[in-house]
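Engineer: So here's model.txt (compact mmCIF, C-alpha atoms and all ligand atoms).
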```txt
# COMPACT_ATOMS: atom_id res chain seq x y z
CA MET A 1 3.06 10.30 27.07
CA ARG A 2 0.05 8.30 28.24
CA THR A 3 -0.75 8.27 31.93
CA ASP A 4 -3.20 5.36 32.04
CA VAL A 5 -2.60 1.99 33.72
CA THR A 6 -0.65 0.64 30.76
CA GLU A 7 2.30 2.87 31.69
CA ALA A 8 3.00 0.34 34.44
CA LEU A 9 4.52 -1.85 31.70
CA PHE A 10 6.98 0.70 30.30
CA PRO A 11 9.75 0.78 29.36
CA THR A 12 9.07 -2.56 27.77
CA LEU A 13 12.09 -4.55 26.63
CA VAL A 14 11.45 -6.61 23.49
CA ILE A 15 13.92 -9.49 23.14
CA GLY A 16 14.30 -10.67 19.55
CA ALA A 17 14.66 -8.27 16.63
CA GLY A 18 13.30 -10.53 13.91
CA ALA A 19 10.16 -9.70 11.96
CA TRP A 20 7.67 -10.16 14.78
CA GLY A 21 9.67 -8.68 17.65
CA THR A 22 10.37 -5.56 15.59
CA ALA A 23 6.75 -5.22 14.45
CA LEU A 24 5.45 -5.55 18.02
CA ALA A 25 8.02 -3.07 19.31
CA MET A 26 6.84 -0.63 16.62
CA ALA A 27 3.18 -1.20 17.49
CA LEU A 28 3.80 -0.44 21.18
CA ALA A 29 5.95 2.59 20.38
CA ARG A 30 3.32 4.00 18.02
CA ASN A 31 1.08 4.27 21.08
CA ASP A 32 3.73 6.58 22.60
CA HIS A 33 5.06 3.92 24.93
CA LYS A 34 8.76 3.72 25.68
CA VAL A 35 10.14 0.56 24.06
CA TRP A 36 13.61 -0.95 24.04
CA LEU A 37 14.41 -3.48 21.33
CA TRP A 38 17.28 -5.93 21.66
CA GLY A 39 18.49 -8.42 19.07
CA ARG A 40 21.48 -10.72 19.45
CA ASN A 41 23.36 -9.45 16.39
CA ASP A 42 25.68 -6.48 17.07
CA ALA A 43 25.87 -5.31 13.44
CA GLN A 44 22.10 -5.53 13.05
CA ARG A 45 21.57 -3.42 16.20
CA GLN A 46 23.99 -0.81 14.94
CA ALA A 47 22.30 -0.66 11.54
CA MET A 48 18.85 -0.40 13.14
CA ARG A 49 20.02 2.42 15.42
CA GLU A 50 21.55 4.39 12.55
CA GLN A 51 18.80 3.83 9.99
CA ARG A 52 15.82 3.72 12.41
CA ARG A 53 14.58 0.69 10.47
CA ASN A 54 15.04 -3.09 10.44
CA ASP A 55 15.68 -3.55 6.76
CA GLU A 56 16.55 -7.23 7.03
CA TYR A 57 13.11 -8.18 8.33
CA LEU A 58 10.78 -5.22 7.68
CA PRO A 59 12.30 -3.21 4.86
CA GLY A 60 11.36 0.45 4.69
CA GLN A 61 9.31 0.61 7.91
CA VAL A 62 10.59 3.54 9.97
CA PHE A 63 10.72 3.21 13.76
CA PRO A 64 8.55 5.51 15.90
CA ASP A 65 10.52 7.99 18.06
CA SER A 66 9.90 6.17 21.34
CA LEU A 67 11.55 2.94 20.13
CA ASP A 68 15.22 2.65 21.06
CA ILE A 69 17.71 -0.08 20.23
CA VAL A 70 19.61 -1.21 23.31
CA ASP A 71 22.99 -2.94 23.39
CA ASP A 72 23.31 -3.76 27.08
CA LEU A 73 20.76 -6.51 27.67
CA GLN A 74 21.71 -7.00 31.28
CA GLN A 75 21.19 -3.33 32.13
CA ALA A 76 17.93 -3.20 30.19
CA LEU A 77 16.64 -6.22 32.12
CA THR A 78 17.35 -4.57 35.43
CA GLN A 79 15.59 -1.32 34.40
CA CYS A 80 12.60 -2.37 32.30
CA LYS A 81 9.04 -2.79 33.62
CA HIS A 82 8.00 -5.59 31.26
CA VAL A 83 9.78 -8.07 29.02
CA MET A 84 8.28 -9.27 25.74
CA ILE A 85 10.08 -12.24 24.17
CA SER A 86 9.87 -12.74 20.42
CA VAL A 87 12.59 -15.23 19.54
CA PRO A 88 11.92 -18.57 17.79
CA SER A 89 10.79 -21.41 20.07
CA HIS A 90 14.21 -23.10 19.88
CA ALA A 91 15.74 -19.98 21.50
CA PHE A 92 12.96 -19.43 24.06
CA ALA A 93 14.56 -21.37 26.94
CA GLU A 94 17.84 -19.52 26.33
CA ALA A 95 16.02 -16.17 26.52
CA LEU A 96 14.37 -17.23 29.77
CA SER A 97 17.71 -18.13 31.28
CA MET A 98 18.88 -14.53 30.73
CA LEU A 99 15.78 -13.33 32.54
CA VAL A 100 16.38 -15.60 35.51
CA GLN A 101 19.76 -14.04 36.06
CA HIS A 102 18.89 -10.37 35.73
CA LEU A 103 15.17 -9.61 35.85
CA PRO A 104 13.92 -8.28 39.21
CA ALA A 105 11.10 -10.28 40.82
CA GLY A 106 7.61 -9.12 39.93
CA VAL A 107 8.39 -7.79 36.44
CA PRO A 108 5.80 -9.24 34.03
CA VAL A 109 6.92 -11.36 31.10
CA SER A 110 5.02 -11.94 27.85
CA TRP A 111 5.97 -13.70 24.63
CA ALA A 112 4.83 -13.78 21.04
CA THR A 113 6.74 -16.97 20.20
CA LYS A 114 4.60 -19.80 18.82
CA GLY A 115 5.55 -23.43 19.27
CA LEU A 116 6.82 -25.88 21.84
CA THR A 117 10.04 -26.27 23.78
CA PRO A 118 12.36 -28.55 21.77
CA HIS A 119 13.11 -32.01 23.22
CA THR A 120 10.62 -31.74 26.10
CA GLY A 121 7.66 -30.75 23.88
CA ALA A 122 6.46 -28.57 26.76
CA PHE A 123 4.19 -25.62 26.09
CA LEU A 124 6.15 -22.38 26.46
CA TYR A 125 3.99 -21.28 29.37
CA ASP A 126 5.03 -24.37 31.34
CA THR A 127 8.68 -23.84 30.44
CA ALA A 128 8.44 -20.20 31.53
CA ARG A 129 6.71 -21.08 34.79
CA GLU A 130 9.25 -23.78 35.53
CA THR A 131 12.19 -21.48 34.78
CA LEU A 132 10.92 -18.26 36.34
CA GLY A 133 8.89 -19.70 39.21
CA ASP A 134 5.83 -17.74 40.32
CA GLN A 135 7.71 -14.45 40.66
CA HIS A 136 6.47 -12.94 37.39
CA PRO A 137 3.01 -12.50 35.81
CA LEU A 138 3.05 -14.30 32.44
CA ALA A 139 1.13 -13.74 29.20
CA VAL A 140 0.99 -15.21 25.71
CA ILE A 141 0.37 -13.02 22.62
CA SER A 142 -1.11 -14.85 19.65
CA GLY A 143 -3.57 -14.50 16.78
CA PRO A 144 -3.60 -13.95 13.02
CA SER A 145 -0.89 -11.35 12.55
CA PHE A 146 1.74 -11.18 9.86
CA ALA A 147 4.54 -8.96 11.11
CA ALA A 148 4.81 -7.06 7.83
CA GLU A 149 1.14 -6.06 7.97
CA VAL A 150 1.35 -4.93 11.60
CA ALA A 151 4.45 -2.90 10.75
CA ARG A 152 2.55 -1.29 7.87
CA ASN A 153 -0.31 -0.40 10.22
CA LEU A 154 -2.84 -2.65 8.49
CA PRO A 155 -5.85 -3.65 10.63
CA THR A 156 -5.06 -6.61 12.90
CA ALA A 157 -6.64 -8.37 15.89
CA LEU A 158 -4.68 -10.28 18.54
CA THR A 159 -5.32 -12.28 21.68
CA VAL A 160 -3.45 -11.76 24.94
CA ALA A 161 -3.85 -14.76 27.26
CA SER A 162 -2.89 -14.74 30.91
CA GLU A 163 -3.98 -16.20 34.22
CA ASN A 164 -3.33 -12.74 35.63
CA ASP A 165 -6.29 -10.56 34.61
CA ASP A 166 -4.60 -7.24 35.42
CA PHE A 167 -1.58 -8.07 33.28
CA ALA A 168 -3.74 -9.29 30.39
CA VAL A 169 -5.76 -6.08 30.41
CA GLN A 170 -2.68 -3.84 30.73
CA LEU A 171 -0.87 -5.60 27.91
CA ALA A 172 -3.92 -5.64 25.64
CA GLN A 173 -4.49 -1.93 26.30
CA SER A 174 -0.90 -1.07 25.56
CA LEU A 175 -1.00 -2.90 22.21
CA HIS A 176 -4.41 -1.51 21.34
CA GLY A 177 -4.30 1.32 18.79
CA PRO A 178 -6.12 2.73 15.78
CA THR A 179 -5.28 -0.35 13.67
CA LEU A 180 -4.53 -2.99 16.30
CA ARG A 181 -7.24 -4.54 18.44
CA ALA A 182 -6.23 -6.82 21.30
CA TYR A 183 -8.63 -9.15 23.11
CA THR A 184 -7.90 -10.85 26.42
CA SER A 185 -8.30 -14.52 27.27
CA HIS A 186 -7.91 -16.73 30.31
CA ASP A 187 -7.30 -19.87 28.26
CA VAL A 188 -3.52 -19.80 28.15
CA LEU A 189 -3.30 -23.45 27.12
CA GLY A 190 -5.91 -23.16 24.36
CA VAL A 191 -4.23 -20.11 22.85
CA GLN A 192 -0.94 -22.01 22.71
CA VAL A 193 -2.50 -25.14 21.19
CA GLY A 194 -4.00 -23.18 18.28
CA GLY A 195 -0.85 -21.12 17.67
CA THR A 196 1.31 -24.24 17.63
CA VAL A 197 -0.68 -26.71 15.55
CA LYS A 198 -1.77 -24.24 12.87
CA ASN A 199 1.86 -23.93 11.78
CA VAL A 200 2.06 -27.66 11.05
CA LEU A 201 -1.22 -27.50 9.15
CA ALA A 202 0.01 -24.49 7.14
CA ILE A 203 2.89 -26.66 5.92
CA ALA A 204 0.31 -29.27 4.82
CA ALA A 205 -1.80 -26.64 3.02
CA GLY A 206 1.31 -25.31 1.29
CA ILE A 207 2.30 -28.81 0.15
CA SER A 208 -1.17 -29.43 -1.26
CA ASP A 209 -1.19 -26.11 -3.11
CA GLY A 210 2.39 -26.64 -4.28
CA LEU A 211 1.28 -29.93 -5.80
CA GLY A 212 -1.50 -28.07 -7.58
CA TYR A 213 -4.26 -29.99 -5.79
CA GLY A 214 -6.64 -27.06 -5.79
CA ALA A 215 -9.12 -25.21 -3.63
CA ASN A 216 -11.22 -28.23 -2.62
CA ALA A 217 -8.20 -30.00 -1.17
CA ARG A 218 -7.10 -26.85 0.71
CA ALA A 219 -10.56 -26.40 2.26
CA ALA A 220 -10.65 -30.07 3.25
CA LEU A 221 -7.21 -29.83 4.85
CA LEU A 222 -8.20 -26.75 6.83
CA THR A 223 -11.43 -28.30 8.04
CA ARG A 224 -10.00 -31.68 8.95
CA GLY A 225 -6.97 -29.89 10.40
CA MET A 226 -9.36 -27.99 12.64
CA ALA A 227 -10.79 -31.34 13.76
CA GLU A 228 -7.24 -32.39 14.74
CA ILE A 229 -6.72 -29.17 16.71
CA LEU A 230 -10.03 -29.68 18.51
CA ARG A 231 -9.16 -33.27 19.38
CA LEU A 232 -5.80 -32.25 20.87
CA ALA A 233 -7.32 -29.28 22.68
CA ALA A 234 -9.99 -31.50 24.25
CA ILE A 235 -7.55 -34.10 25.51
CA LEU A 236 -5.26 -31.42 26.97
CA GLY A 237 -8.13 -29.64 28.71
CA ALA A 238 -8.21 -26.42 26.66
CA GLN A 239 -11.50 -24.66 25.98
CA PRO A 240 -13.02 -25.62 22.62
CA GLU A 241 -14.33 -22.04 22.15
CA THR A 242 -10.74 -20.77 22.04
CA MET A 243 -10.14 -22.90 18.94
CA PHE A 244 -12.86 -20.91 17.17
CA GLY A 245 -11.21 -17.64 18.12
CA LEU A 246 -8.36 -15.53 16.76
CA SER A 247 -5.58 -17.79 18.04
CA GLY A 248 -7.33 -20.89 16.67
CA ILE A 249 -9.28 -20.79 13.45
CA GLY A 250 -8.26 -17.17 12.84
CA ASP A 251 -4.57 -17.97 12.68
CA LEU A 252 -5.25 -21.29 10.91
CA ILE A 253 -7.04 -19.49 8.07
CA LEU A 254 -4.35 -16.82 7.85
CA THR A 255 -1.36 -19.10 7.66
CA CYS A 256 -2.93 -21.83 5.52
CA THR A 257 -4.21 -19.47 2.88
CA ASP A 258 -1.76 -16.58 2.49
CA ASP A 259 1.66 -16.82 0.91
CA GLN A 260 3.19 -14.46 3.48
CA SER A 261 3.19 -17.43 5.87
CA ARG A 262 6.64 -18.95 6.16
CA ASN A 263 5.14 -22.29 7.12
CA ARG A 264 2.96 -22.26 4.03
CA GLN A 265 5.97 -21.15 1.96
CA LEU A 266 7.90 -24.19 3.18
CA GLY A 267 5.04 -26.46 2.15
CA LEU A 268 4.67 -24.77 -1.22
CA ALA A 269 8.36 -25.28 -1.96
CA ILE A 270 8.16 -28.97 -1.01
CA GLY A 271 4.98 -29.45 -3.04
CA ARG A 272 6.68 -27.87 -6.05
CA GLY A 273 9.47 -30.41 -5.86
CA LEU A 274 12.21 -29.03 -3.63
CA SER A 275 13.72 -31.37 -1.04
CA VAL A 276 12.98 -30.51 2.58
CA ASP A 277 16.51 -29.12 3.07
CA GLU A 278 16.25 -27.04 -0.09
CA ALA A 279 12.85 -25.74 1.00
CA VAL A 280 14.19 -24.74 4.43
CA ARG A 281 17.01 -22.82 2.76
CA HIS A 282 14.57 -21.28 0.29
CA VAL A 283 12.41 -19.83 3.09
CA GLY A 284 15.47 -18.82 5.10
CA LYS A 285 13.54 -17.57 8.15
CA THR A 286 11.86 -19.13 11.18
CA VAL A 287 9.47 -22.00 10.30
CA GLU A 288 7.95 -23.05 13.59
CA GLY A 289 5.78 -25.84 12.16
CA MET A 290 8.91 -27.75 11.24
CA HIS A 291 9.99 -27.74 14.90
CA ALA A 292 6.53 -28.38 16.32
CA ALA A 293 5.38 -31.20 14.02
CA ARG A 294 7.17 -34.08 15.73
CA GLU A 295 6.38 -32.85 19.24
CA VAL A 296 2.69 -32.42 18.40
CA LEU A 297 2.56 -35.92 16.94
CA LEU A 298 4.25 -37.38 20.03
CA ARG A 299 1.68 -35.69 22.23
CA ALA A 300 -1.14 -37.07 20.09
CA GLN A 301 0.31 -40.57 20.17
CA LYS A 302 0.75 -40.45 23.94
CA ALA A 303 -2.85 -39.31 24.33
CA ASN A 304 -4.00 -41.94 21.83
CA ILE A 305 -5.74 -39.51 19.52
CA GLU A 306 -5.54 -39.39 15.74
CA MET A 307 -3.86 -36.47 14.00
CA PRO A 308 -3.43 -37.94 10.49
CA ILE A 309 -2.51 -34.67 8.74
CA VAL A 310 0.18 -33.87 11.31
CA GLU A 311 1.39 -37.46 10.96
CA GLN A 312 1.75 -37.17 7.18
CA VAL A 313 3.56 -33.82 7.52
CA CYS A 314 6.06 -35.56 9.83
CA LYS A 315 6.53 -38.38 7.33
CA ILE A 316 7.28 -35.89 4.56
CA LEU A 317 9.57 -33.71 6.69
CA PHE A 318 11.50 -36.38 8.55
CA GLU A 319 11.07 -39.73 6.76
CA GLY A 320 11.48 -38.72 3.14
CA TYR A 321 7.90 -39.57 2.12
CA ASP A 322 6.75 -38.39 -1.28
CA PRO A 323 4.05 -35.72 -0.69
CA ARG A 324 1.80 -37.39 -3.29
CA GLU A 325 1.91 -40.66 -1.35
CA SER A 326 1.00 -38.78 1.80
CA VAL A 327 -2.07 -37.22 0.22
CA GLN A 328 -3.01 -40.66 -1.06
CA ALA A 329 -2.61 -42.06 2.44
CA LEU A 330 -4.97 -39.41 3.80
CA LEU A 331 -7.56 -40.07 1.12
CA CYS A 332 -7.38 -43.84 1.60
CA ARG A 333 -8.06 -43.75 5.32
CA GLU A 334 -10.93 -45.87 6.54
CA GLN A 335 -14.29 -44.27 5.90
CA LYS A 336 -15.84 -42.70 8.99
CA ALA A 337 -18.44 -40.24 10.23
CA GLU A 338 -17.41 -36.59 9.91
CA LEU A 339 -18.17 -35.80 13.54
CA SER A 340 -16.66 -38.19 16.04
CA ARG A 341 -19.02 -39.24 18.82
CA PRO A 342 -18.35 -37.98 22.34
N1 LIG B 401 6.81 -13.26 11.46
C1 LIG B 401 5.54 -13.20 11.84
O1 LIG B 401 4.70 -12.65 11.10
C2 LIG B 401 5.09 -13.79 13.13
C3 LIG B 401 5.92 -14.59 13.88
N2 LIG B 401 5.46 -15.12 15.06
C4 LIG B 401 6.32 -15.93 15.90
O2 LIG B 401 7.35 -15.12 16.44
C5 LIG B 401 8.51 -15.91 16.69
C6 LIG B 401 9.70 -15.21 16.06
O3 LIG B 401 9.48 -15.25 14.67
P1 LIG B 401 9.99 -14.16 13.65
O4 LIG B 401 10.22 -12.86 14.29
O5 LIG B 401 9.08 -14.23 12.49
O6 LIG B 401 11.36 -14.83 13.25
P2 LIG B 401 12.47 -14.27 12.30
O7 LIG B 401 13.00 -15.44 11.56
O8 LIG B 401 11.94 -13.10 11.53
O9 LIG B 401 13.56 -13.72 13.32
C7 LIG B 401 14.04 -14.52 14.33
C8 LIG B 401 14.78 -13.63 15.29
O10 LIG B 401 15.19 -14.41 16.42
C9 LIG B 401 16.59 -14.27 16.55
N3 LIG B 401 17.18 -15.48 17.10
C10 LIG B 401 17.32 -16.67 16.50
N4 LIG B 401 17.93 -17.53 17.32
C11 LIG B 401 18.18 -16.84 18.46
C12 LIG B 401 18.82 -17.16 19.68
N5 LIG B 401 19.32 -18.38 19.88
N6 LIG B 401 18.89 -16.20 20.63
C13 LIG B 401 18.40 -14.97 20.41
N7 LIG B 401 17.80 -14.61 19.27
C14 LIG B 401 17.70 -15.53 18.32
C15 LIG B 401 17.09 -13.99 15.15
O11 LIG B 401 18.35 -13.39 15.22
P3 LIG B 401 19.31 -13.42 13.92
O12 LIG B 401 18.73 -12.43 12.97
O13 LIG B 401 20.61 -13.00 14.50
O14 LIG B 401 19.30 -14.83 13.41
C16 LIG B 401 16.02 -13.04 14.67
O15 LIG B 401 16.21 -11.75 15.19
C17 LIG B 401 8.21 -17.30 16.10
O16 LIG B 401 7.85 -18.16 17.13
C18 LIG B 401 7.03 -17.04 15.16
O17 LIG B 401 6.20 -18.17 15.03
C19 LIG B 401 4.19 -14.89 15.51
C20 LIG B 401 3.35 -14.10 14.79
C21 LIG B 401 3.73 -13.47 13.57
O1 LIG B 402 2.02 -16.84 13.06
C1 LIG B 402 1.98 -16.13 12.09
C2 LIG B 402 0.89 -15.20 11.82
O2 LIG B 402 -0.07 -15.20 12.82
C3 LIG B 402 3.07 -16.15 11.10
O3 LIG B 402 3.01 -17.33 10.44
P1 LIG B 402 4.31 -17.89 9.71
O4 LIG B 402 5.31 -18.16 10.82
O5 LIG B 402 3.85 -19.11 9.03
O6 LIG B 402 4.79 -16.82 8.78
```
Just give me the structure as structure tokens.
Ligand SMILES: NC(=O)C1=CN([C@@H]2O[C@H](COP(=O)(O)OP(=O)(O)OC[C@H]3O[C@@H](n4cnc5c(N)ncnc54)[C@H](OP(=O)(O)O)[C@@H]3O)[C@@H](O)[C@H]2O)C=CC1
Ligand SMILES: O=C(CO)COP(=O)(O)O
Structural biologist:
Amino acid sequence: MRTDVTEALFPTLVIGAGAWGTALAMALARNDHKVWLWGRNDAQRQAMREQRRNDEYLPGQVFPDSLDIVDDLQQALTQCKHVMISVPSHAFAEALSMLVQHLPAGVPVSWATKGLTPHTGAFLYDTARETLGDQHPLAVISGPSFAAEVARNLPTALTVASENDDFAVQLAQSLHGPTLRAYTSHDVLGVQVGGTVKNVLAIAAGISDGLGYGANARAALLTRGMAEILRLAAILGAQPETMFGLSGIGDLILTCTDDQSRNRQLGLAIGRGLSVDEAVRHVGKTVEGMHAAREVLLRAQKANIEMPIVEQVCKILFEGYDPRESVQALLCREQKAELSRP
């Protein structure tokens, strides 16, 4: 067992045994840290305990010895030294409510969920702060990281953002391993902006590719999508530099260009002619961009900034627009300078 400062965070309880929660639990456990993994499904927990794998989400990837599946969430919450949440954004508030009831004051909480709180559109950090008060150090884990690749030990870099420097360093160190590099950041808001909006843009890139519009269109969508992220980040007060980091352009490139992305998969299916409902069923797993799109657009409208790609994604997802018409609408926008003046 390690004896460095990172041991302060263990046992870590990972809540959410989907693809990402399981992959992160495995990454921590590979560094010889004690990790408890909890998922809401009884049968899935039993299967994972017996097989030492999570075949539904990460087929064939065997758990390290120091990863245990726990059944009693309440007991685990009272005994763990750190909670890492990895449920979809629509279940984030529910996960927090379990923490409020059972987690002792002072225990740090991190999450790898990307997106916004449904209905309020709040960033998850604000929801966590509001729910947990100032009793717990908080951190956000983000960056270009497909769960399947992390589980297979392929080289990956992440960002850990926190206002609490000690927690950020401890968490980054505990994730850090031979194939996983974790950077720290102070820009909690910026890291969340990038991780949220890139999912909406990945749907747009998938739609364009599904329509067969080619590499030029994809590059244009990524670049103008980045302009939308920067505009939102500026108005919200995030640091522009963060948008050029792992949680910004890094994750944007990953999810817009690789078919492992579920957001991109949704777009591809729509572009190839499936209805939105059919495409959701086709992907069958968490697609955060679908949840975030409307909330991001509302934020942009309130702040009076233009996010035309996000707007067209919303029209396709929620108003039945034909994707071809949406691309046409983007192309027909009034001519303007590439760089907007300050
Ligand atoms: N997959 C990836 O590569 C990455 C994902 N992320 C982010 O991680 C988050 C989780 O995604 P991911 O692991 O991929 O999702 P998955 O679709 O793989 O799994 C979702 C998990 O959350 C559980 N869940 C769903 N609803 C609830 C609920 N109400 N209460 C408790 N648990 C619930 C599911 O349980 P059940 O199986 O019972 O439905 C399942 O275990 C998302 O925000 C995603 O954007 C970030 C980086 C990488
Ligand atoms: O956030 C991710 C990788 O960083 C995963 O993206 P998808 O949810 O689109 O699969």
Engineer: Give me, as an mmCIF file with C-alpha atoms, in the coordinates of the input, the set of residues whose atoms come within 7 Å of any atom of ligand LIG 401 (chain B), counting all atoms listed in the file.
Structural biologist:
```cif
data_model
loop_
_atom_site.group_PDB
_atom_site.id
_atom_site.type_symbol
_atom_site.label_atom_id
_atom_site.label_comp_id
_atom_site.auth_asym_id
_atom_site.auth_seq_id
_atom_site.Cartn_x
_atom_site.Cartn_y
_atom_site.Cartn_z
ATOM 1 C CA GLY A 16 14.300 -10.670 19.550
ATOM 2 C CA ALA A 17 14.660 -8.270 16.630
ATOM 3 C CA GLY A 18 13.300 -10.530 13.910
ATOM 4 C CA ALA A 19 10.160 -9.700 11.960
ATOM 5 C CA TRP A 20 7.670 -10.160 14.780
ATOM 6 C CA GLY A 21 9.670 -8.680 17.650
ATOM 7 C CA GLY A 39 18.490 -8.420 19.070
ATOM 8 C CA ARG A 40 21.480 -10.720 19.450
ATOM 9 C CA ASN A 41 23.360 -9.450 16.390
ATOM 10 C CA TYR A 57 13.110 -8.180 8.330
ATOM 11 C CA SER A 86 9.870 -12.740 20.420
ATOM 12 C CA VAL A 87 12.590 -15.230 19.540
ATOM 13 C CA PRO A 88 11.920 -18.570 17.790
ATOM 14 C CA SER A 89 10.790 -21.410 20.070
ATOM 15 C CA HIS A 90 14.210 -23.100 19.880
ATOM 16 C CA ALA A 91 15.740 -19.980 21.500
ATOM 17 C CA GLU A 94 17.840 -19.520 26.330
ATOM 18 C CA ALA A 95 16.020 -16.170 26.520
ATOM 19 C CA ALA A 112 4.830 -13.780 21.040
ATOM 20 C CA THR A 113 6.740 -16.970 20.200
ATOM 21 C CA LYS A 114 4.600 -19.800 18.820
ATOM 22 C CA GLY A 115 5.550 -23.430 19.270
ATOM 23 C CA SER A 142 -1.110 -14.850 19.650
ATOM 24 C CA SER A 145 -0.890 -11.350 12.550
ATOM 25 C CA PHE A 146 1.740 -11.180 9.860
ATOM 26 C CA ALA A 147 4.540 -8.960 11.110
ATOM 27 C CA ALA A 148 4.810 -7.060 7.830
ATOM 28 C CA LYS A 285 13.540 -17.570 8.150
ATOM 29 C CA THR A 286 11.860 -19.130 11.180
ATOM 30 C CA VAL A 287 9.470 -22.000 10.300
ATOM 31 C CA GLU A 288 7.950 -23.050 13.590
#
```
Engineer: Find the axis-aligned box for ligand LIG 402 (chain B), covering all its listed atoms and adding 3 Å on each side, and write its centre and edge lengths in Å to one decimal as JSON.
Structural biologist:
```
{"center_x": 2.6, "center_y": -17.2, "center_z": 10.9, "size_x": 11.4, "size_y": 9.9, "size_z": 10.3}
```
Engineer: For the atom pair CA of Ile270 in chain A and CA of Ile207 in chain A, what is the interatomic distance in Å to one decimal place?
Structural biologist: 6.0 Å
Engineer: Of the candidates A:Ala337, A:Ile141, A:Met48, A:Leu37, which one gets nearest to ligand LIG 402 (chain B) if we count only C-alpha atoms and all ligand atoms?
Structural biologist: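 Among A:Ala337, A:Ile141, A:Met48, A:Leu37, it is A:Ile141 that comes nearest to ligand LIG 402 (chain B).
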Engineer: From the options A:Thr223, A:Ser275, A:Thr12, A:Gln46, which residue's atoms come nearest to Ile85 in chain A, counting all atoms listed in the file?
Structural biologist: A:Thr12
Engineer: Using Å and a single decimal, report how far CA of Pro144 in chain A sits from CA of Ile253 in chain A.
Structural biologist: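 Result for CA of Ile253 in chain A versus CA of Pro144 in chain A: 8.2 Å, one decimal.
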Engineer: Just checking: using all atoms listed in the file, which residue out of A:Ile316, A:Asp209, A:Ala329, A:Leu28 ends up closest to Gln173 in chain A?
Structural biologist: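 Using all atoms listed in the file, Gln173 in chain A sits closest to A:Leu28.
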Engineer: Can you work out the spacing between CA of Asp259 in chain A and CA of Leu58 in chain A in Å, to one decimal?
Structural biologist: 16.2 Å
Engineer: Write out as a list in words each polymer residue whose atoms come within 12 Å of Ala122 in chain A, counting all atoms listed in the file; drop sequence neighbours fewer than 2 positions from it.
Structural biologist: Ser89, His90, Phe92, Ala93, Lys114, Gly115, Leu116, Thr117, Pro118, His119, Thr120, Leu124, Tyr125, Asp126, Thr127, Ala128, Arg129, Glu130, Leu189, Gln192, Val193, Thr196, Ala292, Glu295, Val296, Leu298 and Arg299 of chain A
Engineer: What would the list of residues within 12 Å of (26.7, -3.6, 25.4) (file frame) look like as number ranges by chain, if only C-alpha atoms are what count?
Structural biologist: A: 38-42, 45-46, 69-76
Engineer: For the selection just defined, write its residues with C-alpha atoms to a file, as a compact mmCIF listing (two decimals), in the coordinates of the input.
Structural biologist:
```txt
# COMPACT_ATOMS: atom_id res chain seq x y z
CA TRP A 38 17.28 -5.93 21.66
CA GLY A 39 18.49 -8.42 19.07
CA ARG A 40 21.48 -10.72 19.45
CA ASN A 41 23.36 -9.45 16.39
CA ASP A 42 25.68 -6.48 17.07
CA ARG A 45 21.57 -3.42 16.20
CA GLN A 46 23.99 -0.81 14.94
CA ILE A 69 17.71 -0.08 20.23
CA VAL A 70 19.61 -1.21 23.31
CA ASP A 71 22.99 -2.94 23.39
CA ASP A 72 23.31 -3.76 27.08
CA LEU A 73 20.76 -6.51 27.67
CA GLN A 74 21.71 -7.00 31.28
CA GLN A 75 21.19 -3.33 32.13
CA ALA A 76 17.93 -3.20 30.19
```
Engineer: Closest to Leu266 in chain A among A:Val313, A:Leu222, A:Gly195, A:Ala157, using all atoms listed in the file?
Structural biologist: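 Smallest distance to Leu266 in chain A is found for A:Val313.
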